[in-house]
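Here the structure is laid out as structure tokens; the discussion comes afterwards.
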Amino acid sequence: MRLKRFLLRYYPPGIILEYVQSDTLKTKSIDLLDLKPESDVDAILDEIVSKEPLVTPNRTPQVRQLIQRLQEKIGLNDDHKFYLFKALRAHILPLTNVAFNKSGSSFITGSYDRTCKVWDTASGEELHTLEGHRNVVYAIAFNNPYGDKIATGSFDKTCKLWSSDTGQCYHTFRGHTSEIVCLAFNPQSTILATGSMDTTAKLWDIESGDEISTLAGHSAEIISLSFNTTGDRIITGSFDHTVSVWDVHSGRRIHTLIGHRGEISSAMFNYDCSLIVTGSMDKSCKIWDASSGKCVGTLGGHEDEILDVVFDFTGQYIASASADSTARVYNAVTHKCIAKLEGHEGEISKITFNPQGSKILTASSDKTARLWDPITGKCLQTLEGHTDEIFSCAFNYEGSIIITGSKDNSCRIWR
């Protein structure tokens with residue numbers, strides 16, 4: 001094994017090692033999820049050297065520098081106020097979803113008008129209209145971190161793969177017998193997963209356009225799916241009250257997470273793939289051990305359905321959004337509720353942490369999005385201007401730009 005170079009990963013904090021093994025370029029990561037500005041660099045360095053043979057003594061000064069750069073980034077004061085940069089009359093019918101590419105240079109919007117549009121973030125100009133679906137374009141995604149492809153899942157039962165540069169359609173994936181409502185790329189961008197109201201999920205080969213496998217076993221609609229960070233597992237959340245964990249390579253079901261008493265609305269792995277969090281219409285979230293499939297905690301407190309639940313980038317905190325118009329922040333280890341985010345006057349359908357973990361963004365049916373301090377629960381800012389409910393919102397990778405998508409047919413860029 002020969003080390004070629006180090007790459008810095010800011011969110012979550014870590015160092016990527018690029019190395020050559022038997023003439024093949026490979027990467028592995030040193031995760032520093034607990035890194036703080038005040039962490040002891042020498043102690044971290046000693047641990048890295050003892051565990052990682054690629055980091056030889058002559059490389060330690062470089063690694064020390066990288067750790068210090070990560071600490072500087074973490075320590076930056078984050079009191080940025082967002083202002084409306086552009087309001088885009090994006091579609092002739094309501095939007096369904098919005099998503100950024102990794103760099104944040106462009107973003108996409110899906111709509112009931114059967115199209116997906118690609119936008120330039122800096123200018124607000126429309127770059128492409130992806131046309132061809134015969135019904136609502138509901139689920140959309142870039143193949144981040146690459147960002148050269150876009151997937152669109154539609155109520156017309158098909159999914160399409162597009163070039164984000166030219167807008168050309170590479171493949172139309174056919175096989176589902178009902179609406180496609182969720183999709184995701186694996187981290188390597190070799191597989192696309194689609195989840196459907198037909199109770200199945202399917203895995204597709206991005207290069208060839210062929211179906212790799214059908215994940216069958218749920219007894220009701222699949223409305224949420226998510227790969228883990230390594231890409232060897234995928235979870236599906238269903239209206240049958242369960243979440244299934246599948247082996248991506250074989251298409252085999254490994255675990256069924258049973259315990260919720262209502263439809264699943266959201267399911268996600270944490271960054272190191274050790275935990276899964278699920279949100280349900282039964283008003284609770286549950287935390288599961290990903291390797292055993294056992295429930296290790298229940299997060300209560302909400303008075304109505306959970307509509308979204310997420311981990312922060314490091315996997316140390318969980319945020320839940322509810323139809324009771326509040327959001328909550330929990331410690332992922334102790335399961336204690338740290339903060340209650342109160343102020344919205346309608347249900348919160350979407351919640352997300354900024355990459356730094358220092359802010360939470362919520363989208364609500366009260367026509368506003370809000371920014372919150374996840375530790376104190378204080379509302380830092382209200383983003384006003386939409387004239388109908390907001391049901392999609394996203395940060396770019398740097399956490400410096402926000403997009404919101406609304407039922408008022410528009411999206412807004414805040415920076």
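Residues are named by chain letter and number: chains run A, B, ... in the order of the structure tokens, numbers start at 1 in each chain, and ligands are numbered from 1 in the order shown.
Excluding range 106-121 of chain A itself and any same-chain residue fewer than 4 positions from it, the protein and nucleic acid residues within 7 Å of it, counting only C-alpha atoms, are His91, Ile92, Leu93, Pro94, Leu95, Thr96, Asn97, Val98, Ala99, Phe100, Asn101, Glu125, Glu126, Leu127, His128, Thr129, Leu130, Glu131, His133, Arg134, Asn135, Val136, Val137, Tyr138 and Ile140 of chain A.
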Practice item. With a distance cut-off of 6 Å and only C-alpha atoms, select the neighbouring residues of Glu347 in chain A, excluding the residue or stretch itself and same-chain residues fewer than 2 positions from it, and output the selection as a VMD selection string. Key: chain A and resid 323 to 325 364 to 365
Could you turn the residues from that selection into a file that holds all heavy atoms, as a PDB file, in the first residue's frame?
ATOM      1  N   ALA A 323     -46.403  17.200  13.029  1.00  0.00           N
ATOM      2  CA  ALA A 323     -47.648  17.879  12.664  1.00  0.00           C
ATOM      3  C   ALA A 323     -48.189  18.707  13.831  1.00  0.00           C
ATOM      4  O   ALA A 323     -49.127  19.487  13.655  1.00  0.00           O
ATOM      5  CB  ALA A 323     -48.690  16.854  12.221  1.00  0.00           C
ATOM      6  N   ASP A 324     -47.569  18.574  15.024  1.00  0.00           N
ATOM      7  CA  ASP A 324     -48.017  19.382  16.170  1.00  0.00           C
ATOM      8  C   ASP A 324     -47.414  20.795  16.137  1.00  0.00           C
ATOM      9  O   ASP A 324     -47.531  21.553  17.096  1.00  0.00           O
ATOM     10  CB  ASP A 324     -47.700  18.676  17.503  1.00  0.00           C
ATOM     11  CG  ASP A 324     -46.193  18.578  17.810  1.00  0.00           C
ATOM     12  OD1 ASP A 324     -45.391  19.210  17.091  1.00  0.00           O
ATOM     13  OD2 ASP A 324     -45.828  17.871  18.763  1.00  0.00           O
ATOM     14  N   SER A 325     -46.736  21.121  15.012  1.00  0.00           N
ATOM     15  CA  SER A 325     -46.118  22.434  14.739  1.00  0.00           C
ATOM     16  C   SER A 325     -44.857  22.715  15.571  1.00  0.00           C
ATOM     17  O   SER A 325     -44.372  23.832  15.596  1.00  0.00           O
ATOM     18  CB  SER A 325     -47.123  23.587  14.839  1.00  0.00           C
ATOM     19  OG  SER A 325     -47.413  23.908  16.176  1.00  0.00           O
ATOM     20  N   SER A 364     -42.552  24.771   6.991  1.00  0.00           N
ATOM     21  CA  SER A 364     -43.866  24.592   7.608  1.00  0.00           C
ATOM     22  C   SER A 364     -45.025  24.977   6.685  1.00  0.00           C
ATOM     23  O   SER A 364     -44.858  25.749   5.734  1.00  0.00           O
ATOM     24  CB  SER A 364     -43.931  25.426   8.894  1.00  0.00           C
ATOM     25  OG  SER A 364     -45.237  25.480   9.414  1.00  0.00           O
ATOM     26  N   SER A 365     -46.192  24.463   7.052  1.00  0.00           N
ATOM     27  CA  SER A 365     -47.416  24.825   6.323  1.00  0.00           C
ATOM     28  C   SER A 365     -47.870  26.243   6.675  1.00  0.00           C
ATOM     29  O   SER A 365     -48.801  26.764   6.063  1.00  0.00           O
ATOM     30  CB  SER A 365     -48.536  23.830   6.656  1.00  0.00           C
ATOM     31  OG  SER A 365     -48.836  23.900   8.034  1.00  0.00           O
TER      32      SER A 365
END
Env of range 298-311 of chain A: 9 Å cut, atoms = only C-alpha atoms, seq-sep filter 2 positions within chain, self excluded. Answer as a PDB file with N, CA and C atoms, in the first residue's frame.
ATOM      1  N   GLY A 262     -47.719   2.927  13.810  1.00  0.00           N
ATOM      2  CA  GLY A 262     -48.311   3.750  12.759  1.00  0.00           C
ATOM      3  C   GLY A 262     -47.387   3.754  11.558  1.00  0.00           C
ATOM      4  N   ILE A 264     -44.699   4.608   8.812  1.00  0.00           N
ATOM      5  CA  ILE A 264     -43.372   5.226   8.892  1.00  0.00           C
ATOM      6  C   ILE A 264     -43.348   6.425   7.949  1.00  0.00           C
ATOM      7  N   SER A 265     -42.800   7.548   8.430  1.00  0.00           N
ATOM      8  CA  SER A 265     -42.712   8.726   7.559  1.00  0.00           C
ATOM      9  C   SER A 265     -41.287   8.971   7.097  1.00  0.00           C
ATOM     10  N   SER A 266     -40.308   8.463   7.875  1.00  0.00           N
ATOM     11  CA  SER A 266     -38.924   8.826   7.610  1.00  0.00           C
ATOM     12  C   SER A 266     -37.986   7.832   8.278  1.00  0.00           C
ATOM     13  N   ALA A 267     -36.864   7.524   7.610  1.00  0.00           N
ATOM     14  CA  ALA A 267     -35.876   6.600   8.186  1.00  0.00           C
ATOM     15  C   ALA A 267     -34.497   6.961   7.659  1.00  0.00           C
ATOM     16  N   MET A 268     -33.482   6.896   8.529  1.00  0.00           N
ATOM     17  CA  MET A 268     -32.151   7.347   8.143  1.00  0.00           C
ATOM     18  C   MET A 268     -31.074   6.665   8.982  1.00  0.00           C
ATOM     19  N   PHE A 269     -29.924   6.343   8.352  1.00  0.00           N
ATOM     20  CA  PHE A 269     -28.735   5.876   9.069  1.00  0.00           C
ATOM     21  C   PHE A 269     -27.968   7.070   9.618  1.00  0.00           C
ATOM     22  N   ASN A 270     -27.244   6.866  10.717  1.00  0.00           N
ATOM     23  CA  ASN A 270     -26.281   7.898  11.123  1.00  0.00           C
ATOM     24  C   ASN A 270     -24.998   7.725  10.311  1.00  0.00           C
ATOM     25  N   TYR A 271     -24.051   8.661  10.481  1.00  0.00           N
ATOM     26  CA  TYR A 271     -22.900   8.678   9.581  1.00  0.00           C
ATOM     27  C   TYR A 271     -22.039   7.425   9.676  1.00  0.00           C
ATOM     28  N   VAL A 277     -32.484   5.864  12.696  1.00  0.00           N
ATOM     29  CA  VAL A 277     -33.588   6.563  13.364  1.00  0.00           C
ATOM     30  C   VAL A 277     -34.808   6.499  12.449  1.00  0.00           C
ATOM     31  N   THR A 278     -35.979   6.294  13.066  1.00  0.00           N
ATOM     32  CA  THR A 278     -37.228   6.216  12.306  1.00  0.00           C
ATOM     33  C   THR A 278     -38.266   7.154  12.926  1.00  0.00           C
ATOM     34  N   GLY A 279     -39.078   7.764  12.071  1.00  0.00           N
ATOM     35  CA  GLY A 279     -40.177   8.602  12.530  1.00  0.00           C
ATOM     36  C   GLY A 279     -41.477   8.004  12.051  1.00  0.00           C
ATOM     37  N   SER A 280     -42.527   8.141  12.867  1.00  0.00           N
ATOM     38  CA  SER A 280     -43.780   7.466  12.538  1.00  0.00           C
ATOM     39  C   SER A 280     -44.997   8.337  12.813  1.00  0.00           C
ATOM     40  N   MET A 281     -46.094   7.948  12.177  1.00  0.00           N
ATOM     41  CA  MET A 281     -47.382   8.600  12.419  1.00  0.00           C
ATOM     42  C   MET A 281     -47.906   8.286  13.824  1.00  0.00           C
ATOM     43  N   ASP A 282     -47.213   7.383  14.559  1.00  0.00           N
ATOM     44  CA  ASP A 282     -47.629   7.064  15.939  1.00  0.00           C
ATOM     45  C   ASP A 282     -47.119   8.097  16.949  1.00  0.00           C
ATOM     46  N   LYS A 283     -46.573   9.237  16.429  1.00  0.00           N
ATOM     47  CA  LYS A 283     -46.107  10.375  17.246  1.00  0.00           C
ATOM     48  C   LYS A 283     -44.745  10.153  17.899  1.00  0.00           C
ATOM     49  N   SER A 284     -44.078   9.049  17.562  1.00  0.00           N
ATOM     50  CA  SER A 284     -42.780   8.788  18.179  1.00  0.00           C
ATOM     51  C   SER A 284     -41.692   8.569  17.137  1.00  0.00           C
ATOM     52  N   CYS A 285     -40.439   8.722  17.598  1.00  0.00           N
ATOM     53  CA  CYS A 285     -39.271   8.298  16.819  1.00  0.00           C
ATOM     54  C   CYS A 285     -38.630   7.143  17.582  1.00  0.00           C
ATOM     55  N   LYS A 286     -37.980   6.256  16.866  1.00  0.00           N
ATOM     56  CA  LYS A 286     -37.261   5.171  17.525  1.00  0.00           C
ATOM     57  C   LYS A 286     -35.828   5.109  16.989  1.00  0.00           C
ATOM     58  N   ILE A 287     -34.918   4.697  17.873  1.00  0.00           N
ATOM     59  CA  ILE A 287     -33.519   4.513  17.496  1.00  0.00           C
ATOM     60  C   ILE A 287     -33.241   3.013  17.539  1.00  0.00           C
ATOM     61  N   CYS A 295     -34.394  -2.366  18.810  1.00  0.00           N
ATOM     62  CA  CYS A 295     -34.739  -0.992  19.191  1.00  0.00           C
ATOM     63  C   CYS A 295     -33.981  -0.646  20.470  1.00  0.00           C
ATOM     64  N   VAL A 296     -33.235   0.457  20.439  1.00  0.00           N
ATOM     65  CA  VAL A 296     -32.452   0.834  21.617  1.00  0.00           C
ATOM     66  C   VAL A 296     -33.014   2.078  22.307  1.00  0.00           C
ATOM     67  N   PHE A 313     -24.808  15.774  10.819  1.00  0.00           N
ATOM     68  CA  PHE A 313     -23.754  15.164   9.999  1.00  0.00           C
ATOM     69  C   PHE A 313     -22.867  14.213  10.786  1.00  0.00           C
ATOM     70  N   THR A 314     -22.676  14.461  12.077  1.00  0.00           N
ATOM     71  CA  THR A 314     -21.791  13.578  12.853  1.00  0.00           C
ATOM     72  C   THR A 314     -22.547  12.399  13.459  1.00  0.00           C
ATOM     73  N   GLY A 315     -23.879  12.465  13.470  1.00  0.00           N
ATOM     74  CA  GLY A 315     -24.659  11.372  14.041  1.00  0.00           C
ATOM     75  C   GLY A 315     -24.824  11.453  15.538  1.00  0.00           C
ATOM     76  N   GLN A 316     -24.514  12.631  16.122  1.00  0.00           N
ATOM     77  CA  GLN A 316     -24.606  12.764  17.579  1.00  0.00           C
ATOM     78  C   GLN A 316     -25.947  13.327  18.044  1.00  0.00           C
ATOM     79  N   TYR A 317     -26.647  13.987  17.118  1.00  0.00           N
ATOM     80  CA  TYR A 317     -27.942  14.577  17.456  1.00  0.00           C
ATOM     81  C   TYR A 317     -29.006  14.142  16.460  1.00  0.00           C
ATOM     82  N   ILE A 318     -30.237  14.160  16.932  1.00  0.00           N
ATOM     83  CA  ILE A 318     -31.392  13.808  16.099  1.00  0.00           C
ATOM     84  C   ILE A 318     -32.386  14.960  16.199  1.00  0.00           C
ATOM     85  N   ALA A 319     -32.983  15.320  15.058  1.00  0.00           N
ATOM     86  CA  ALA A 319     -34.040  16.341  15.070  1.00  0.00           C
ATOM     87  C   ALA A 319     -35.297  15.748  14.459  1.00  0.00           C
ATOM     88  N   SER A 320     -36.440  16.030  15.092  1.00  0.00           N
ATOM     89  CA  SER A 320     -37.723  15.521  14.605  1.00  0.00           C
ATOM     90  C   SER A 320     -38.660  16.680  14.319  1.00  0.00           C
ATOM     91  N   ALA A 321     -39.473  16.512  13.283  1.00  0.00           N
ATOM     92  CA  ALA A 321     -40.467  17.525  12.906  1.00  0.00           C
ATOM     93  C   ALA A 321     -41.842  16.880  12.957  1.00  0.00           C
ATOM     94  N   SER A 322     -42.808  17.637  13.469  1.00  0.00           N
ATOM     95  CA  SER A 322     -44.120  17.033  13.713  1.00  0.00           C
ATOM     96  C   SER A 322     -45.272  17.880  13.191  1.00  0.00           C
ATOM     97  N   ALA A 323     -46.403  17.200  13.029  1.00  0.00           N
ATOM     98  CA  ALA A 323     -47.648  17.879  12.664  1.00  0.00           C
ATOM     99  C   ALA A 323     -48.189  18.707  13.831  1.00  0.00           C
ATOM    100  N   ASP A 324     -47.569  18.574  15.024  1.00  0.00           N
ATOM    101  CA  ASP A 324     -48.017  19.382  16.170  1.00  0.00           C
ATOM    102  C   ASP A 324     -47.414  20.795  16.137  1.00  0.00           C
ATOM    103  N   SER A 325     -46.736  21.121  15.012  1.00  0.00           N
ATOM    104  CA  SER A 325     -46.118  22.434  14.739  1.00  0.00           C
ATOM    105  C   SER A 325     -44.857  22.715  15.571  1.00  0.00           C
ATOM    106  N   THR A 326     -44.319  21.677  16.217  1.00  0.00           N
ATOM    107  CA  THR A 326     -43.042  21.839  16.920  1.00  0.00           C
ATOM    108  C   THR A 326     -42.006  20.876  16.350  1.00  0.00           C
ATOM    109  N   ALA A 327     -40.750  21.173  16.653  1.00  0.00           N
ATOM    110  CA  ALA A 327     -39.650  20.253  16.355  1.00  0.00           C
ATOM    111  C   ALA A 327     -38.905  20.009  17.651  1.00  0.00           C
ATOM    112  N   ARG A 328     -38.166  18.907  17.698  1.00  0.00           N
ATOM    113  CA  ARG A 328     -37.409  18.585  18.897  1.00  0.00           C
ATOM    114  C   ARG A 328     -36.008  18.111  18.523  1.00  0.00           C
ATOM    115  N   TYR A 330     -32.785  15.801  20.018  1.00  0.00           N
ATOM    116  CA  TYR A 330     -32.440  14.785  21.006  1.00  0.00           C
ATOM    117  C   TYR A 330     -30.954  14.438  20.908  1.00  0.00           C
ATOM    118  N   ALA A 332     -28.417  11.648  20.512  1.00  0.00           N
ATOM    119  CA  ALA A 332     -28.570  10.316  19.911  1.00  0.00           C
ATOM    120  C   ALA A 332     -28.083   9.202  20.825  1.00  0.00           C
ATOM    121  N   HIS A 335     -30.567   9.816  24.387  1.00  0.00           N
ATOM    122  CA  HIS A 335     -31.976   9.895  23.981  1.00  0.00           C
ATOM    123  C   HIS A 335     -32.749  10.998  24.703  1.00  0.00           C
ATOM    124  N   LYS A 336     -32.026  11.856  25.408  1.00  0.00           N
ATOM    125  CA  LYS A 336     -32.672  12.977  26.117  1.00  0.00           C
ATOM    126  C   LYS A 336     -33.068  14.063  25.127  1.00  0.00           C
ATOM    127  N   CYS A 337     -34.213  14.693  25.378  1.00  0.00           N
ATOM    128  CA  CYS A 337     -34.627  15.838  24.569  1.00  0.00           C
ATOM    129  C   CYS A 337     -33.831  17.060  25.036  1.00  0.00           C
ATOM    130  N   GLU A 347     -48.092  22.641  10.700  1.00  0.00           N
ATOM    131  CA  GLU A 347     -47.259  21.446  10.760  1.00  0.00           C
ATOM    132  C   GLU A 347     -45.899  21.677  10.097  1.00  0.00           C
ATOM    133  N   ILE A 348     -44.880  20.992  10.606  1.00  0.00           N
ATOM    134  CA  ILE A 348     -43.524  21.079  10.057  1.00  0.00           C
ATOM    135  C   ILE A 348     -43.275  19.797   9.274  1.00  0.00           C
ATOM    136  N   SER A 349     -43.119  19.945   7.965  1.00  0.00           N
ATOM    137  CA  SER A 349     -43.003  18.742   7.135  1.00  0.00           C
ATOM    138  C   SER A 349     -41.560  18.363   6.849  1.00  0.00           C
ATOM    139  N   LYS A 350     -40.635  19.303   7.087  1.00  0.00           N
ATOM    140  CA  LYS A 350     -39.236  19.036   6.710  1.00  0.00           C
ATOM    141  C   LYS A 350     -38.313  19.659   7.745  1.00  0.00           C
ATOM    142  N   ILE A 351     -37.262  18.900   8.087  1.00  0.00           N
ATOM    143  CA  ILE A 351     -36.274  19.425   9.032  1.00  0.00           C
ATOM    144  C   ILE A 351     -34.887  18.976   8.592  1.00  0.00           C
ATOM    145  N   THR A 352     -33.892  19.852   8.753  1.00  0.00           N
ATOM    146  CA  THR A 352     -32.528  19.496   8.366  1.00  0.00           C
ATOM    147  C   THR A 352     -31.519  20.311   9.165  1.00  0.00           C
ATOM    148  N   PHE A 353     -30.393  19.698   9.484  1.00  0.00           N
ATOM    149  CA  PHE A 353     -29.270  20.416  10.112  1.00  0.00           C
ATOM    150  C   PHE A 353     -28.425  21.044   9.015  1.00  0.00           C
TER     151      PHE A 353
END
Review point. Contacts of Ile15 in chain A at 8 Å or less, counting only C-alpha atoms, minus same-chain residues fewer than 2 places along, as a ChimeraX atom specification?
Key: /A:6-9,13,17,29-32,66
Practice item. Quick one: pick out all strand (DSSP E or B) residues within range 85-242 of chain A from a backbone DSSP run and write them as a ChimeraX atom specification. Key: /A:85-88,95-100,106-111,116-120,126-130,137-142,149-154,159-163,169-173,180-185,191-196,201-205,211-215,222-227,233-238
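Within the 6 Å cut-off around range 390-403 of chain A, using only C-alpha atoms and omitting residues fewer than 5 positions from it on the same chain, the listed residues are A:Asn97, A:Lys102, A:Gly104, A:Ser349, A:Asn354, A:Pro355, A:Ala363, A:Ser364, A:Ser365, A:Lys367, A:Arg412, A:Ile413, A:Trp414, A:Arg415.
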Review point. What lies within 8 Å of range 45-53 of chain A using only C-alpha atoms, ignoring chain neighbours under 5 positions off, as a PyMOL selection string?
Key: chain A and resi 30+60+63-64
**Study point:** Option closest in space to Leu383 in chain A, from A:Leu84, A:Cys159, A:Leu54, A:Ile74 [counting only C-alpha atoms]
**Key:**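 Checking each of A:Leu84, A:Cys159, A:Leu54, A:Ile74 against Leu383 in chain A, counting only C-alpha atoms, the winner is A:Leu84.
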Practice item. List every residue of range 33-196 of chain A that DSSP, applied to the backbone of this structure, places in helix (DSSP H, G or I), and write the result as a PyMOL selection string. Key: chain A and resi 41-51+57-75
Those residues you just picked out, can you put them in a file as a short mmCIF file (atom, residue, chain, number, x, y, z; two decimals), in the first residue's frame with N, CA, C and O atoms?
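The new file out_11.cif reads:
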data_model
loop_
_atom_site.label_atom_id
_atom_site.label_comp_id
_atom_site.auth_asym_id
_atom_site.auth_seq_id
_atom_site.Cartn_x
_atom_site.Cartn_y
_atom_site.Cartn_z
N VAL A 41 -4.68 17.90 20.05
CA VAL A 41 -4.22 17.44 18.74
C VAL A 41 -3.19 16.31 18.88
O VAL A 41 -3.22 15.33 18.12
N ASP A 42 -2.31 16.41 19.87
CA ASP A 42 -1.29 15.37 20.07
C ASP A 42 -1.92 14.01 20.35
O ASP A 42 -1.50 12.98 19.81
N ALA A 43 -2.93 14.02 21.21
CA ALA A 43 -3.61 12.76 21.56
C ALA A 43 -4.29 12.15 20.33
O ALA A 43 -4.23 10.94 20.09
N ILE A 44 -4.93 13.01 19.53
CA ILE A 44 -5.60 12.53 18.31
C ILE A 44 -4.58 11.96 17.34
O ILE A 44 -4.77 10.89 16.76
N LEU A 45 -3.46 12.68 17.21
CA LEU A 45 -2.40 12.27 16.29
C LEU A 45 -1.82 10.91 16.71
O LEU A 45 -1.62 10.02 15.87
N ASP A 46 -1.57 10.75 18.01
CA ASP A 46 -1.03 9.48 18.52
C ASP A 46 -1.97 8.32 18.20
O ASP A 46 -1.53 7.24 17.79
N GLU A 47 -3.27 8.58 18.37
CA GLU A 47 -4.25 7.52 18.11
C GLU A 47 -4.28 7.16 16.62
O GLU A 47 -4.34 5.99 16.25
N ILE A 48 -4.22 8.18 15.76
CA ILE A 48 -4.24 7.94 14.31
C ILE A 48 -3.01 7.12 13.91
O ILE A 48 -3.12 6.13 13.19
N VAL A 49 -1.83 7.51 14.40
CA VAL A 49 -0.58 6.82 14.04
C VAL A 49 -0.61 5.36 14.52
O VAL A 49 -0.15 4.45 13.82
N SER A 50 -1.19 5.14 15.70
CA SER A 50 -1.22 3.77 16.23
C SER A 50 -2.18 2.87 15.45
O SER A 50 -1.99 1.66 15.38
N LYS A 51 -3.22 3.48 14.84
CA LYS A 51 -4.25 2.67 14.17
C LYS A 51 -4.07 2.60 12.66
O LYS A 51 -4.59 1.69 12.02
N PRO A 57 5.60 8.22 10.41
CA PRO A 57 6.11 9.37 11.17
C PRO A 57 6.40 10.61 10.31
O PRO A 57 6.15 11.74 10.74
N ASN A 58 6.91 10.41 9.09
CA ASN A 58 7.23 11.58 8.25
C ASN A 58 5.97 12.30 7.76
O ASN A 58 6.03 13.42 7.24
N ARG A 59 4.82 11.64 7.90
CA ARG A 59 3.55 12.26 7.46
C ARG A 59 2.83 12.98 8.60
O ARG A 59 1.83 13.67 8.38
N THR A 60 3.29 12.78 9.84
CA THR A 60 2.53 13.34 10.97
C THR A 60 2.44 14.86 10.97
O THR A 60 1.39 15.40 11.34
N PRO A 61 3.48 15.61 10.55
CA PRO A 61 3.32 17.08 10.55
C PRO A 61 2.17 17.53 9.64
O PRO A 61 1.42 18.43 9.97
N GLN A 62 2.03 16.83 8.51
CA GLN A 62 0.97 17.16 7.56
C GLN A 62 -0.41 16.87 8.17
O GLN A 62 -1.35 17.67 8.07
N VAL A 63 -0.52 15.71 8.83
CA VAL A 63 -1.80 15.33 9.45
C VAL A 63 -2.13 16.31 10.59
O VAL A 63 -3.29 16.71 10.76
N ARG A 64 -1.11 16.72 11.35
CA ARG A 64 -1.33 17.70 12.42
C ARG A 64 -1.94 18.98 11.83
O ARG A 64 -2.91 19.51 12.36
N GLN A 65 -1.38 19.43 10.71
CA GLN A 65 -1.89 20.64 10.06
C GLN A 65 -3.35 20.49 9.64
O GLN A 65 -4.16 21.40 9.81
N LEU A 66 -3.66 19.30 9.10
CA LEU A 66 -5.04 19.05 8.64
C LEU A 66 -6.01 19.06 9.82
O LEU A 66 -7.11 19.62 9.72
N ILE A 67 -5.61 18.45 10.94
CA ILE A 67 -6.48 18.44 12.13
C ILE A 67 -6.71 19.88 12.60
O ILE A 67 -7.83 20.26 12.95
N GLN A 68 -5.64 20.68 12.59
CA GLN A 68 -5.77 22.07 13.03
C GLN A 68 -6.67 22.88 12.10
O GLN A 68 -7.45 23.72 12.54
N ARG A 69 -6.59 22.58 10.79
CA ARG A 69 -7.48 23.27 9.85
C ARG A 69 -8.95 22.91 10.10
O ARG A 69 -9.83 23.76 10.03
N LEU A 70 -9.18 21.64 10.42
CA LEU A 70 -10.55 21.21 10.75
C LEU A 70 -11.03 21.92 12.02
O LEU A 70 -12.18 22.36 12.10
N GLN A 71 -10.14 22.03 13.00
CA GLN A 71 -10.51 22.72 14.25
C GLN A 71 -10.85 24.19 14.00
O GLN A 71 -11.79 24.72 14.57
N GLU A 72 -10.08 24.83 13.13
CA GLU A 72 -10.35 26.24 12.80
C GLU A 72 -11.73 26.38 12.16
O GLU A 72 -12.49 27.29 12.49
N LYS A 73 -12.04 25.47 11.26
CA LYS A 73 -13.33 25.50 10.56
C LYS A 73 -14.48 25.32 11.55
O LYS A 73 -15.48 26.03 11.52
N ILE A 74 -14.30 24.37 12.47
CA ILE A 74 -15.34 24.10 13.47
C ILE A 74 -15.51 25.32 14.39
O ILE A 74 -16.61 25.63 14.82
N GLY A 75 -14.40 26.00 14.68
CA GLY A 75 -14.44 27.12 15.63
C GLY A 75 -14.95 28.43 15.05
O GLY A 75 -15.10 29.41 15.79
#
Point to revise | One-decimal distance in Å that lies between CA of Cys273 in chain A and CA of Asn228 in chain A | key: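 These two atoms are separated by 5.9 Å.
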**Study point:** Counting only C-alpha atoms, the residue of A:Gly357, A:Gly167, A:Gly217, A:Pro187 that sits nearest Gly237 in chain A
**Key:** A:Gly217
